[in-house]
Amino acid sequence: MKRKLLPFWDNRKSKVCMVVVHAVALPPREAIKCFCQNKVSSHYLIAEDGEIWQLVGEKHRAWHAGVAKWRGCSDINSCSVGIELCSKDLGQSQFTQQQKKSLEFLLRRLIKKYGIKNENIVGHSDIAPTRKADPGKAFFWQELAAKGIGFWPNKADAKKIKEENIEKLLKIIGYDTTDLYAAAYAFCRRFWPKEVKLEKNVWQEDKILAGFDKRMLDDKEFIEVLQAVAYKYLMASKTPCNI
């Protein structure tokens with residue numbers, strides 16, 4: 001592991017209970033230069049070759065989440081560890097096997113150290129659906145879930161929950177639904193990526209909803225996947241909106 005400690009941090013206001021996964025469209029040294037120019041930071045950065053860089057100590061509050069919200073928490077930086085993965089197109093194409101192994105290593109260590117729950121392992125787009133599209137539609141959530149890290153839906157679970165209202169289901173999972181369409185598309189980026197269109201300029205804020213089709217909200221399969229995911233989160237947390 002390499003260390004390039006950045007000065008862009010302050011003191012945590014709460015205990016670590018989350019991990020936020022990001023993607024950055026630059027190689028490590030250029031990404032670090034960009035972070036310095038913008039006075040932002042994450043705790044870790046994973047290069048395409050799998051090399052891990054530590055940028056901020058875990059005891060500190062890194063500046064990676066920005067304006068964000070998840071399961072009622074709005075100071076995500078205070079309660080999370082941020083991990084950036086280098087990806088030229090912000091996760092619209094596959095991550096490398098080396099990155100997958102390094103991230104799994106980090107996640108397992110963090111889960112054990114802080115007792116992080118599966119429902120609080122999230123992507124940047126989950127906590128900031130109107131602003132961010134990373135770690136992207138190609139991020140390997142399903143692979144991680146198969147190894148016991150995070151969740152992936154079993155469509156049979158859709159029958160186990162009676163709720164059909166899209167906004168309520170998204171809130172059960174943890175999304176901020178102030179912009180319902182953005183929250184729904186963020187859900188698709190993570191759990192229904194086949195409906196997410198590729199964007200050359202996906203890092204631009206005005207492109208976050210570029211591929212969203214409002215008719216998707218009436219799609220039977222979308223509702224079933226949403227219900228199945230909501231059921232998993234509800235059973236895991238026993239509460240819809242409390243971290």
# chains A, B, ... in the order shown; residues from 1 in each chain; ligands from 1
call {"tool": "residues_around", "arguments": {"residues": "Ala230 of chain A", "least_positions_apart": "4", "cutoff": "8 Å", "atoms": "only C-alpha atoms", "output": "list in words"}}
result
Leu169, Leu170, Ile172, Ile173, Leu226 and Leu234 of chain A
call {"tool": "residues_around", "arguments": {"residues": "Leu107 of chain A", "least_positions_apart": "3", "cutoff": "8 Å", "atoms": "only C-alpha atoms", "output": "CSV table (one decimal) with N, CA and C atoms, in the first residue's frame"}}
result
chain,number,residue,atom,x,y,z
A,19,VAL,N,-19.5,2.6,4.1
A,19,VAL,CA,-18.4,2.7,3.1
A,19,VAL,C,-19.1,3.3,1.8
A,103,LEU,N,-10.4,-4.1,-3.7
A,103,LEU,CA,-11.5,-3.5,-3.0
A,103,LEU,C,-12.1,-4.6,-2.1
A,104,GLU,N,-12.2,-5.8,-2.5
A,104,GLU,CA,-12.7,-6.8,-1.6
A,104,GLU,C,-11.9,-6.9,-0.3
A,110,LEU,N,-12.6,-3.4,6.6
A,110,LEU,CA,-13.4,-2.3,7.1
A,110,LEU,C,-14.7,-2.9,7.8
A,111,ILE,N,-15.3,-3.9,7.2
A,111,ILE,CA,-16.5,-4.5,7.8
A,111,ILE,C,-16.2,-5.1,9.1
A,149,ILE,N,-21.0,-9.4,0.6
A,149,ILE,CA,-20.7,-8.0,0.8
A,149,ILE,C,-21.8,-7.2,0.1
call {"tool": "closest_residue", "arguments": {"among": "A:Val196, A:Cys73, A:Leu6, A:Ala133", "to": "Gln37 of chain A", "atoms": "only C-alpha atoms"}}
result
A:Leu6
call {"tool": "closest_residue", "arguments": {"among": "A:Val20, A:Leu5, A:Ile83, A:Ala62", "to": "Asn118 of chain A", "atoms": "only C-alpha atoms"}}
result
A:Val20
call {"tool": "atom_distance", "arguments": {"atom1": "atom CA of Gly72 of chain A", "atom2": "atom CA of Ile208 of chain A"}}
result
22.5 Å
call {"tool": "decode", "arguments": {"residues": "segment 133-148 of chain A", "atoms": "N, CA and C atoms", "output": "short mmCIF file (atom, residue, chain, number, x, y, z; two decimals), in the first residue's frame"}}
result
data_model
loop_
_atom_site.label_atom_id
_atom_site.label_comp_id
_atom_site.auth_asym_id
_atom_site.auth_seq_id
_atom_site.Cartn_x
_atom_site.Cartn_y
_atom_site.Cartn_z
N ALA A 133 -22.93 9.80 -10.85
CA ALA A 133 -23.28 8.55 -11.54
C ALA A 133 -22.32 7.42 -11.20
N ASP A 134 -21.29 7.72 -10.43
CA ASP A 134 -20.29 6.70 -10.10
C ASP A 134 -20.68 5.92 -8.85
N PRO A 135 -20.19 4.69 -8.71
CA PRO A 135 -19.13 4.02 -9.47
C PRO A 135 -19.57 3.39 -10.79
N GLY A 136 -20.79 3.66 -11.25
CA GLY A 136 -21.18 3.29 -12.60
C GLY A 136 -21.92 1.99 -12.76
N LYS A 137 -22.53 1.85 -13.94
CA LYS A 137 -23.37 0.68 -14.22
C LYS A 137 -22.58 -0.61 -14.28
N ALA A 138 -21.26 -0.53 -14.51
CA ALA A 138 -20.44 -1.74 -14.60
C ALA A 138 -19.84 -2.16 -13.27
N PHE A 139 -20.12 -1.41 -12.21
CA PHE A 139 -19.56 -1.79 -10.93
C PHE A 139 -20.10 -3.16 -10.52
N PHE A 140 -19.30 -3.93 -9.83
CA PHE A 140 -19.55 -5.35 -9.59
C PHE A 140 -20.30 -5.63 -8.29
N TRP A 141 -21.45 -4.97 -8.11
CA TRP A 141 -22.26 -5.18 -6.91
C TRP A 141 -22.70 -6.64 -6.76
N GLN A 142 -23.10 -7.24 -7.87
CA GLN A 142 -23.59 -8.62 -7.80
C GLN A 142 -22.49 -9.58 -7.37
N GLU A 143 -21.28 -9.38 -7.89
CA GLU A 143 -20.15 -10.24 -7.50
C GLU A 143 -19.85 -10.10 -6.01
N LEU A 144 -19.87 -8.87 -5.52
CA LEU A 144 -19.61 -8.65 -4.09
C LEU A 144 -20.69 -9.30 -3.23
N ALA A 145 -21.95 -9.14 -3.66
CA ALA A 145 -23.05 -9.72 -2.90
C ALA A 145 -22.94 -11.24 -2.82
N ALA A 146 -22.46 -11.85 -3.88
CA ALA A 146 -22.28 -13.31 -3.89
C ALA A 146 -21.23 -13.74 -2.87
N LYS A 147 -20.38 -12.78 -2.47
CA LYS A 147 -19.35 -13.06 -1.47
C LYS A 147 -19.74 -12.54 -0.09
N GLY A 148 -21.01 -12.14 0.05
CA GLY A 148 -21.51 -11.70 1.34
C GLY A 148 -21.30 -10.23 1.65
#
